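Have a look at the structure below, then the notes.
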Amino acid sequence: MTKRKMMSGEESKWMMEILNAGDQRPFDELLADFNSKFPPRLLLRRFHLSSSLSILLENKKTLKSTQRLVAFAILHHSYSAQHPSSNPFISFLVNAACDEEAEKYERAFILQLLGSSNNANFKEVLKLSAADYIKVFDPSSIAFLQHEQLKLQYCFKVNVDPFKHLIKQNYVKNVVPDPDMPQGCDENSPEFELQPGVKPKIGSGDRDEMVTGLLQNLSLEGVGPQWIRPLPPRLPVLDGELVWLNPENNHEFLWDHGMCADTSRGAAVRDLIAKALKGALAPAQHEQVLVELTNDPKLVYHCGLTPRKLPELVENNPLIAVEVLIKLMNSPEISEYFIVLVNMDMSLHSMEVVNRLTTAVELPTEFVHMYITNCISSCENIKDKYMQNRLVRLVCVFLQSLIRNKIINVQDLFIEVQAFCIEFSRIREAAGLFRLLKTME
């Protein structure tokens, strides 16, 4: 079975360059490069990269000392924005910090990583390269904690390791010790020089090439045993039994979106509203709509009215329009109905609807102001003098009603309404509105 690789060839070469750069470049620059290449939103890629590094770190001879420090820094930094217990590699870091066989500078560096959120001096550490950190390391400056203390502090659950399970324990690790490397030998030790000044190669290839190849070919599965199990036989399909359909088999599905819907609910109201859009209803029909909506206010959502149809209802049956809008006040679509009401042609019926609404419910102030502005603009733009005078009278009476009932604060529209009254001062109602404004000053 082909295993899913955690790194591409390009990524493994890039990661090897970052690991090697720890000899010269400081940690903060390397971590910045890592963030640029793999930003936090690429959470799955970060997990794969961190998994590869953790596998290489398990064997202390695979990476050089400086490379190991850079790898630990990346392992911690990938999840540094979260709580330490949310880091899937926190147990690995805690175990590495308590490994007495590891170098003290390595254990100290990991402890500083774990406590970086509470350590103000850690930023200074990140300004060092891995090589410089090893050179200036002072063992007396670090107090090494016990394993159980670290687990309690960072993992919370002492006896639970989420990465251990029965099948995982039967896997062969992705990285095994090189049989050509003598036990206990270190590439950096002078005793292991074949010739003065010449370091040996590990196994049969160069170390960097070997690590790059490992990074490119590592997988999360490892080399596991094959769990061979026969496929269970399919049970026969009985007569009258439904056959399971899988969407990937290109079946054509026909959905009935009206299935299980209660089509009878509100049928009478829907029919009457449809008639109300075309003309005035008879008194008995008018009364029936009001009674039905009063008995069941939720019928307003099933009556067939939409914001686009509202102007027709306002002009033909304004009282029904008022009742419907009152019932729709808590609907998320009420703002759409208000927008249509503001922008429809001004008429006696539209003003009647708005006037009744202002006394029945609390309308948004911006809606009322916008409607008044639209009324004034309509009066100014009409060409027919007779219709203009008629509409001005209606608007003046409408505004006087709003002011006397304290629906609007006249100071908010004082200049606009005053200019309207002066422009049409020849009309008696406009003069009366002007006098009312003067008493409000």
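Chain labels follow the order of the structure tokens: the first chain is A, the next B, and so on; residue numbering restarts at 1 in every chain, and ligands are counted from 1 in their shown order.
Non-sequential neighbours of A:Glu101 (distance at most 10 Å, separation of 4 or more positions within a chain, only C-alpha atoms) are Lys60, Ala96 and Arg107 of chain A.
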Non-local contacts of stretch 45-48 of chain A (8 Å; only C-alpha atoms; under 3 positions in same chain excluded) as an NGL selection string: :A and (6-7 or 38 or 40 or 42 or 51-52 or 78)
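Closest approach to A:Glu124 among A:Leu93, A:Ile74, A:Asn317, A:Asp28 is made by A:Asp28 (distances from only C-alpha atoms).
We find atom CA of A:Arg308 and atom CA of A:Cys379 to be spaced 24.2 Å apart.
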Contacts of A:Leu63 at 10 Å (only C-alpha atoms; same-chain gap of 5+ positions) as a PyMOL selection string: chain A and resi 19-20+53+56-58+68-69+71+207-208+211
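The nearest approach to A:Leu30 among the residues A:Glu11, A:Thr294, A:Leu128, A:Ala102, with only C-alpha atoms taken into account, belongs to A:Leu128.
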Which of stretch 242-351 of chain A DSSP labels helix (DSSP H, G or I), written as a VMD selection string: chain A and resid 247 to 249 267 to 276 283 to 295 297 to 302 307 to 316 318 to 327 334 to 343 348 to 351
Exercise: stretch 335-337 of chain A partners within 10 Å, only C-alpha atoms, chain neighbours under 5 positions left out, as a PyMOL selection string: chain A and resi 306-311+325+328-329+342+364+367
Selection near A:Leu319, 12 Å with only C-alpha atoms, sequence-local residues under 6 positions removed, as a list in words: Ala276, Ala280, Leu281, Pro283, His286, Glu287, Val289, Leu290, Leu313, Leu325, Ile326, His349, Ser350, Met351, Glu352, Val353, Val354, Asn355, Arg356 and Leu357 of chain A
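Counting only C-alpha atoms, the residue from A:Ser140, A:Asn374, A:Thr358, A:Thr212 that sits nearest to A:Lys13 is A:Thr212.
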Surrounding residues of A:Glu366 excluding itself and chain neighbours under 6 positions, 12 Å, only C-alpha atoms, as a list in words: Ser335, Phe338, Ile339, Val342, Ile372, Thr373, Ile408, Asn409, Asp412 and Leu413 of chain A
Generate a file of the selected residues that holds N, CA, C and O atoms, formatted as an mmCIF file, in the first residue's frame.
```
data_model
loop_
_atom_site.group_PDB
_atom_site.id
_atom_site.type_symbol
_atom_site.label_atom_id
_atom_site.label_comp_id
_atom_site.auth_asym_id
_atom_site.auth_seq_id
_atom_site.Cartn_x
_atom_site.Cartn_y
_atom_site.Cartn_z
ATOM 1 N N SER A 335 -37.211 45.227 7.156
ATOM 2 C CA SER A 335 -36.464 46.352 6.580
ATOM 3 C C SER A 335 -36.674 46.451 5.077
ATOM 4 O O SER A 335 -36.721 47.556 4.522
ATOM 5 N N PHE A 338 -39.953 48.201 4.538
ATOM 6 C CA PHE A 338 -39.821 49.632 4.781
ATOM 7 C C PHE A 338 -39.178 50.332 3.590
ATOM 8 O O PHE A 338 -39.581 51.443 3.216
ATOM 9 N N ILE A 339 -38.163 49.712 3.016
ATOM 10 C CA ILE A 339 -37.483 50.321 1.855
ATOM 11 C C ILE A 339 -38.455 50.481 0.694
ATOM 12 O O ILE A 339 -38.489 51.525 0.018
ATOM 13 N N VAL A 342 -40.936 53.352 1.475
ATOM 14 C CA VAL A 342 -40.337 54.674 1.340
ATOM 15 C C VAL A 342 -40.223 55.085 -0.127
ATOM 16 O O VAL A 342 -40.473 56.240 -0.486
ATOM 17 N N ILE A 372 -40.684 61.328 5.084
ATOM 18 C CA ILE A 372 -41.060 62.743 5.031
ATOM 19 C C ILE A 372 -40.272 63.465 3.940
ATOM 20 O O ILE A 372 -40.825 64.261 3.172
ATOM 21 N N THR A 373 -38.979 63.191 3.857
ATOM 22 C CA THR A 373 -38.147 63.801 2.810
ATOM 23 C C THR A 373 -38.648 63.423 1.429
ATOM 24 O O THR A 373 -38.686 64.263 0.505
ATOM 25 N N ILE A 408 -42.487 62.486 15.732
ATOM 26 C CA ILE A 408 -41.173 62.944 15.271
ATOM 27 C C ILE A 408 -40.746 64.136 16.117
ATOM 28 O O ILE A 408 -41.573 64.849 16.703
ATOM 29 N N ASN A 409 -39.450 64.327 16.170
ATOM 30 C CA ASN A 409 -38.885 65.504 16.810
ATOM 31 C C ASN A 409 -38.704 66.544 15.718
ATOM 32 O O ASN A 409 -37.842 66.415 14.848
ATOM 33 N N ASP A 412 -35.374 67.932 14.320
ATOM 34 C CA ASP A 412 -34.522 67.156 13.412
ATOM 35 C C ASP A 412 -34.755 67.519 11.955
ATOM 36 O O ASP A 412 -33.871 67.363 11.106
ATOM 37 N N LEU A 413 -35.986 67.979 11.635
ATOM 38 C CA LEU A 413 -36.343 68.299 10.242
ATOM 39 C C LEU A 413 -36.805 69.744 10.100
ATOM 40 O O LEU A 413 -37.478 70.091 9.128
#
```
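Atom CA of A:Ser347 sits 11.4 Å away from atom CA of A:Phe398.
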